[in-house]
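Just below is one structure, and these are the notes that go with it.
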Amino acid sequence: MPTVTPRAPARRPRQVVRNRTTSRAASFVLDASILAALLAASSAPTPLYPHYQDAWNLSALTITVIFSAYSLTLLLALLTTGALSDHLGRRPVLVGALVLEAASMVLLASADGAGALIVGRVLQGAATGAATSAAGAALLDLEDPRRPGRSALTNSIAPVAGMAAGVLVSTLLVRFVPAPTVTVYVVLAVLFAAQAVAVTFTAETARPHAGALRSLRPELAVPPSARRALLAAGTGVVAIWALGGFYSSLGPTLVHLVDPGASQAAGGMVFFTLTAAAALTVWALRRTAPHTAVTGGSLAVVPAAALTLSGLHGAGLAAVHGGAALAGIAFGAVSQGAIRMTLASLDERDHAATLAAYYVLSYLSMSLPAIAAGAATQHYGLRTAAHAYATAAALLAVAASAALAASRGRAAHRAHNDLP
């Protein structure tokens with residue numbers, strides 16, 4: 001009768017642990033790719049806006065309405081479904097949202113006017129809102145104790161990297177591929193369908209519990225432990241997302257105002273400059289104290305606004321791109337710092353709801369000022385609207401820096417009083 005060596009039983013558990021670790025790593029990469037793809041789809045229309053304007057004779061206000069239809073619907077989805085994956089689980093919410101996202105891409109590919117674009121963007125916003133908090137929370141669920149902070153960093157860098165990739169690929173398609181307004185959406189639809197299939201093979205990371213229907217009531221459920229941090233960083237978040245909304249919706253129009261001979265591709269590249277700089281900044285400042293990152297990023301908004309406006313006074317496209325790069329640095333610093341401040345020491349049950357609250361503030365800041373800028377452009381011209389917008393963003397950034405300094409002073413005072 002064959003004997004079993006003492007080593008044999010020890011190998012199987014090690015293999016199980018190794019397989020489990022590999023599975024978690026694959027799920028982490030998949031969730032990060034979903035977050036990046038969702039934001040890539042959000043920025044993909046930016047280089048196409050001049051084409052839509054020329055083809056359908058659309059005004060600047062209409063363009064910002066198309067842009068904001070996505071953001072406002074995303075807000076509504078976050079308010080209603082932001083905590084849904086805490087109750088149903090990450091996997092079912094992600095699969096359903098990705099299927100809906102793929103359908104919205106098909107609708108955008110077949111759009112023949114502003115109305116169809118708005119409907120497609122509304123559907124896209126609903127899907128993205130449901131998926132964003134679920135994917136972000138799944139990343140937090142998969143936090144590796146040996147690599148603390150990786151999930152928060154990924155939640156910061158994946159969206160801006162996705163936006164950069166989306167606008168770059170879309171710009172290249174505009175330049176080199178026939179029918180870019182169809183091709184880009186078809187590519188994205190296939191990607192989202194593939195991701196939906198992949199998610200069905202992953203393990204559930206949340207602990208589903210009752211209350212799913214009750215969670216659909218619109219509300220902002222920010223745990224007390226996260227409220228102080230979100231309030232402290234909130235004004236800076238408003239400033240940088242408002243600036244991002246301006247570049248995303250009216251950036252191409254600004255490029256053509258500064259240089260009427262610029263190509264359609266050049267109009268899209270200014271937003272790529274912002275998002276690429278933001279992604280690099282998130283990575284570069286990953287070990288910087290969150291409070292320092294938010295404060296420094298808020299201060300960077302002031303020279304970003306000034307440099308952008310100098311492009312309207314003879315400095316040309318180089319200044320516009322320089323302003324976009326500085327705006328991207330501000331965006332990356334504030335967004336990753338604010339997320340790390342807000343998510344510190346949170347219970348797993350509060351991950352999705354807290355991320356939803358952060359994104360509600362972000363997209364509200366991105367959409368409403370953009371609509372106001374579109375209306376101002378229609379009545380007073382883009383030059384005047386750009387000056388007012390940049391000035392408002394700079395004032396918000398200064399206010400954010402002051403609020404953060406006051407917050408740090410109060411924290412230091414409390415710590416001093418707590419000393420024995």
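By convention here, the chains of the structure tokens are called A, B, ... in the order presented, each chain's residues are numbered starting at 1, and ligands are numbered starting at 1 in the order presented.
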Can you pull out the residues contacting stretch 117-127 of chain A? Cut-off 7 Å, using only C-alpha atoms, and skip same-chain residues under 3 positions away; I want them as a PyMOL selection string. chain A and resi 66+69-71+73-74+77+97-98+100-101+104+107-108+111+113-114+130-131
Excluding A:Ala333 and any residue of its chain fewer than 4 positions from it, enumerate the residues within 10 Å of it, using only C-alpha atoms, and give them as a tab-separated table (two decimals) with N, CA and C atoms, in the first residue's frame.
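For reference, out-v5.tsv as written:
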```
chain	number	residue	atom	x	y	z
A	156	SER	N	-8.40	56.93	-7.40
A	156	SER	CA	-8.05	58.29	-7.84
A	156	SER	C	-7.49	58.30	-9.25
A	240	ILE	N	-11.81	72.26	-8.85
A	240	ILE	CA	-11.08	71.51	-9.88
A	240	ILE	C	-12.04	70.76	-10.82
A	278	ALA	N	-3.22	65.14	-14.88
A	278	ALA	CA	-3.89	64.72	-13.64
A	278	ALA	C	-3.48	63.30	-13.26
A	279	ALA	N	-3.45	62.39	-14.22
A	279	ALA	CA	-3.07	61.00	-13.94
A	279	ALA	C	-1.64	60.92	-13.42
A	280	LEU	N	-0.72	61.64	-14.06
A	280	LEU	CA	0.67	61.63	-13.61
A	280	LEU	C	0.81	62.23	-12.21
A	281	THR	N	0.02	63.24	-11.92
A	281	THR	CA	0.09	63.89	-10.60
A	281	THR	C	-0.41	62.96	-9.51
A	282	VAL	N	-1.50	62.24	-9.79
A	282	VAL	CA	-2.02	61.28	-8.81
A	282	VAL	C	-0.93	60.28	-8.42
A	283	TRP	N	-0.23	59.79	-9.44
A	283	TRP	CA	0.84	58.81	-9.18
A	283	TRP	C	2.02	59.46	-8.43
A	284	ALA	N	2.41	60.65	-8.86
A	284	ALA	CA	3.58	61.31	-8.27
A	284	ALA	C	3.35	61.67	-6.80
A	285	LEU	N	2.10	62.00	-6.45
A	285	LEU	CA	1.80	62.46	-5.09
A	285	LEU	C	1.17	61.36	-4.23
A	286	ARG	N	1.32	60.11	-4.65
A	286	ARG	CA	0.65	59.02	-3.93
A	286	ARG	C	1.12	58.89	-2.49
A	288	THR	N	2.31	61.61	-0.74
A	288	THR	CA	2.20	62.92	-0.10
A	288	THR	C	1.01	62.92	0.86
A	290	PRO	N	-2.38	63.64	2.42
A	290	PRO	CA	-3.59	64.07	1.72
A	290	PRO	C	-3.90	65.55	1.90
A	291	HIS	N	-3.78	66.05	3.12
A	291	HIS	CA	-4.07	67.45	3.40
A	291	HIS	C	-3.15	68.36	2.60
A	292	THR	N	-1.88	68.00	2.51
A	292	THR	CA	-0.91	68.79	1.73
A	292	THR	C	-1.24	68.76	0.25
A	293	ALA	N	-1.64	67.59	-0.26
A	293	ALA	CA	-1.97	67.46	-1.68
A	293	ALA	C	-3.17	68.32	-2.04
A	294	VAL	N	-4.21	68.30	-1.21
A	294	VAL	CA	-5.41	69.09	-1.50
A	294	VAL	C	-5.10	70.58	-1.44
A	295	THR	N	-4.33	71.00	-0.45
A	295	THR	CA	-3.98	72.42	-0.32
A	295	THR	C	-3.14	72.90	-1.51
A	296	GLY	N	-2.09	72.14	-1.83
A	296	GLY	CA	-1.24	72.52	-2.96
A	296	GLY	C	-1.99	72.51	-4.28
A	297	GLY	N	-2.84	71.49	-4.48
A	297	GLY	CA	-3.62	71.41	-5.71
A	297	GLY	C	-4.58	72.57	-5.85
A	298	SER	N	-5.21	72.97	-4.75
A	298	SER	CA	-6.13	74.11	-4.80
A	298	SER	C	-5.39	75.39	-5.20
A	300	ALA	N	-2.81	75.59	-7.05
A	300	ALA	CA	-2.38	75.52	-8.45
A	300	ALA	C	-3.47	75.97	-9.42
A	327	ALA	N	-4.01	72.92	-14.67
A	327	ALA	CA	-5.32	72.51	-14.18
A	327	ALA	C	-5.34	71.01	-13.90
A	328	GLY	N	-4.65	70.23	-14.75
A	328	GLY	CA	-4.57	68.79	-14.52
A	328	GLY	C	-3.80	68.46	-13.27
A	329	ILE	N	-2.71	69.18	-13.01
A	329	ILE	CA	-1.95	68.98	-11.78
A	329	ILE	C	-2.83	69.27	-10.56
A	337	GLY	N	-6.07	63.46	-3.03
A	337	GLY	CA	-5.97	63.85	-1.63
A	337	GLY	C	-7.33	63.81	-0.95
A	338	ALA	N	-8.35	64.31	-1.64
A	338	ALA	CA	-9.70	64.34	-1.06
A	338	ALA	C	-10.24	62.93	-0.85
```
Need the shell around A:Leu395: protein/DNA/RNA residues with any atom at most 12 Å away, counting only C-alpha atoms. Skip same-chain ones fewer than 2 positions apart. Format as a list in words?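 So the residues in contact are Thr235, Gly236, Val238, Ala239, Ile240, Ser298, Leu299, Ala300, Val301, Val302, Pro303, Ala305, Ala306, Ala388, Tyr389, Ala390, Thr391, Ala392, Ala393, Ala397, Val398, Ala399, Ala400, Ser401 and Ala402 of chain A.
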Residues within 10 Å of A:Pro369, only C-alpha atoms, excluding chain neighbours under 3 positions, as a list in words: Thr64, Ser68, Val238, Trp241, Ala242, Leu243, Gly245, Phe246, Leu364, Ser365, Met366, Ala372, Ala373, Gly374, Ala375, Tyr389, Ala392 and Ala393 of chain A
Atom CA of A:Ala189 to atom CA of A:Leu142, distance in Å rounded to a single decimal: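 Computing it gives 26.6 Å between the two atoms.
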Set the distance at 8 Å and use only C-alpha atoms: which residues neighbour A:Thr377 once local chain neighbours fewer than 6 positions away are removed? I'd like the list as a VMD selection string. chain A and resid 60 to 61 383 to 385
Output as a ChimeraX atom specification all residues of stretch 204-373 of chain A that backbone DSSP marks as helix (DSSP H, G or I). /A:212-215,224-258,264-284,290-313,317-343,348-373
So which residues touch A:Ala212 within 8 Å, counting only C-alpha atoms, skipping near sequence neighbours fewer than 5 positions away, as a PyMOL selection string? chain A and resi 84+87-88
So what do you get for atom CA of A:Leu140 versus atom CA of A:Ala277, distance-wise?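 Answer for the atom CA of A:Leu140 to atom CA of A:Ala277 separation: 24.6 Å.
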Taking only C-alpha atoms into account, which of A:Leu38, A:Val190, A:Val360, A:Ala134 comes nearest A:Pro92?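 Counting only C-alpha atoms, the residue closest to A:Pro92 is A:Ala134.
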7 Å contact set for A:Gly89, only C-alpha atoms, chain neighbours under 6 positions out, as a PyMOL selection string: chain A and resi 204+206-208
May I have the selected residues written with N, CA and C atoms, as a compact mmCIF listing (two decimals), in the first residue's frame?
```
# COMPACT_ATOMS: atom_id res chain seq x y z
N GLU A 204 -17.83 37.39 -5.43
CA GLU A 204 -18.47 38.54 -4.79
C GLU A 204 -17.60 39.02 -3.63
N ALA A 206 -18.59 41.80 -1.56
CA ALA A 206 -19.39 42.45 -0.51
C ALA A 206 -20.22 41.40 0.22
N ARG A 207 -20.80 41.79 1.33
CA ARG A 207 -21.70 40.92 2.08
C ARG A 207 -23.11 41.46 1.93
N PRO A 208 -23.86 40.96 0.95
CA PRO A 208 -25.22 41.48 0.70
C PRO A 208 -26.09 41.39 1.94
```
re atom CA of A:Leu94 and atom CA of A:Leu368: distance 27.2 Å
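Residue nearest A:Ala26, chosen from A:Leu355, A:Leu191, A:Leu168, A:Leu139 and counting only C-alpha atoms: A:Leu139.
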Find the residues of stretch 231-294 of chain A that sit at most 12 Å from stretch 309-325 of chain A; for each, write down the nearest two atoms and how far apart they are in Å, to one decimal. Count only C-alpha atoms. Sort by chain, then by number going up, and give it as a tab-separated table.
```
residue	atom	partner	partner_atom	distance
A:Ile240	CA	A:Ala324	CA	11.3
A:Leu243	CA	A:Ala324	CA	9.1
A:Gly244	CA	A:Ala324	CA	9.0
A:Gly245	CA	A:Ala324	CA	11.9
A:Phe246	CA	A:Ala324	CA	10.5
A:Tyr247	CA	A:Ala324	CA	7.8
A:Ser248	CA	A:Ala324	CA	10.7
A:Gly251	CA	A:Val320	CA	9.3
A:Pro252	CA	A:Val320	CA	10.9
A:Thr253	CA	A:Val320	CA	11.9
A:Leu254	CA	A:Val320	CA	8.6
A:Val255	CA	A:Leu317	CA	6.9
A:His256	CA	A:Leu317	CA	9.3
A:Leu257	CA	A:Leu312	CA	7.9
A:Val258	CA	A:Leu312	CA	5.9
A:Asp259	CA	A:Leu317	CA	7.0
A:Pro260	CA	A:Leu317	CA	10.7
A:Gly261	CA	A:Leu317	CA	11.2
A:Ala262	CA	A:Leu317	CA	9.3
A:Ala266	CA	A:Leu317	CA	9.5
A:Gly267	CA	A:Leu317	CA	10.1
A:Gly268	CA	A:His321	CA	11.2
A:Met269	CA	A:His321	CA	8.6
A:Val270	CA	A:His321	CA	5.8
A:Phe271	CA	A:Ala324	CA	7.1
A:Phe272	CA	A:Ala324	CA	8.7
A:Thr273	CA	A:Ala325	CA	5.6
A:Leu274	CA	A:Ala324	CA	4.8
A:Thr275	CA	A:Ala325	CA	8.1
A:Ala276	CA	A:Ala325	CA	8.1
A:Ala277	CA	A:Ala325	CA	5.6
A:Ala278	CA	A:Ala325	CA	7.9
A:Ala279	CA	A:Ala325	CA	10.9
A:Leu280	CA	A:Ala325	CA	10.5
A:Thr281	CA	A:Ala325	CA	10.2
```
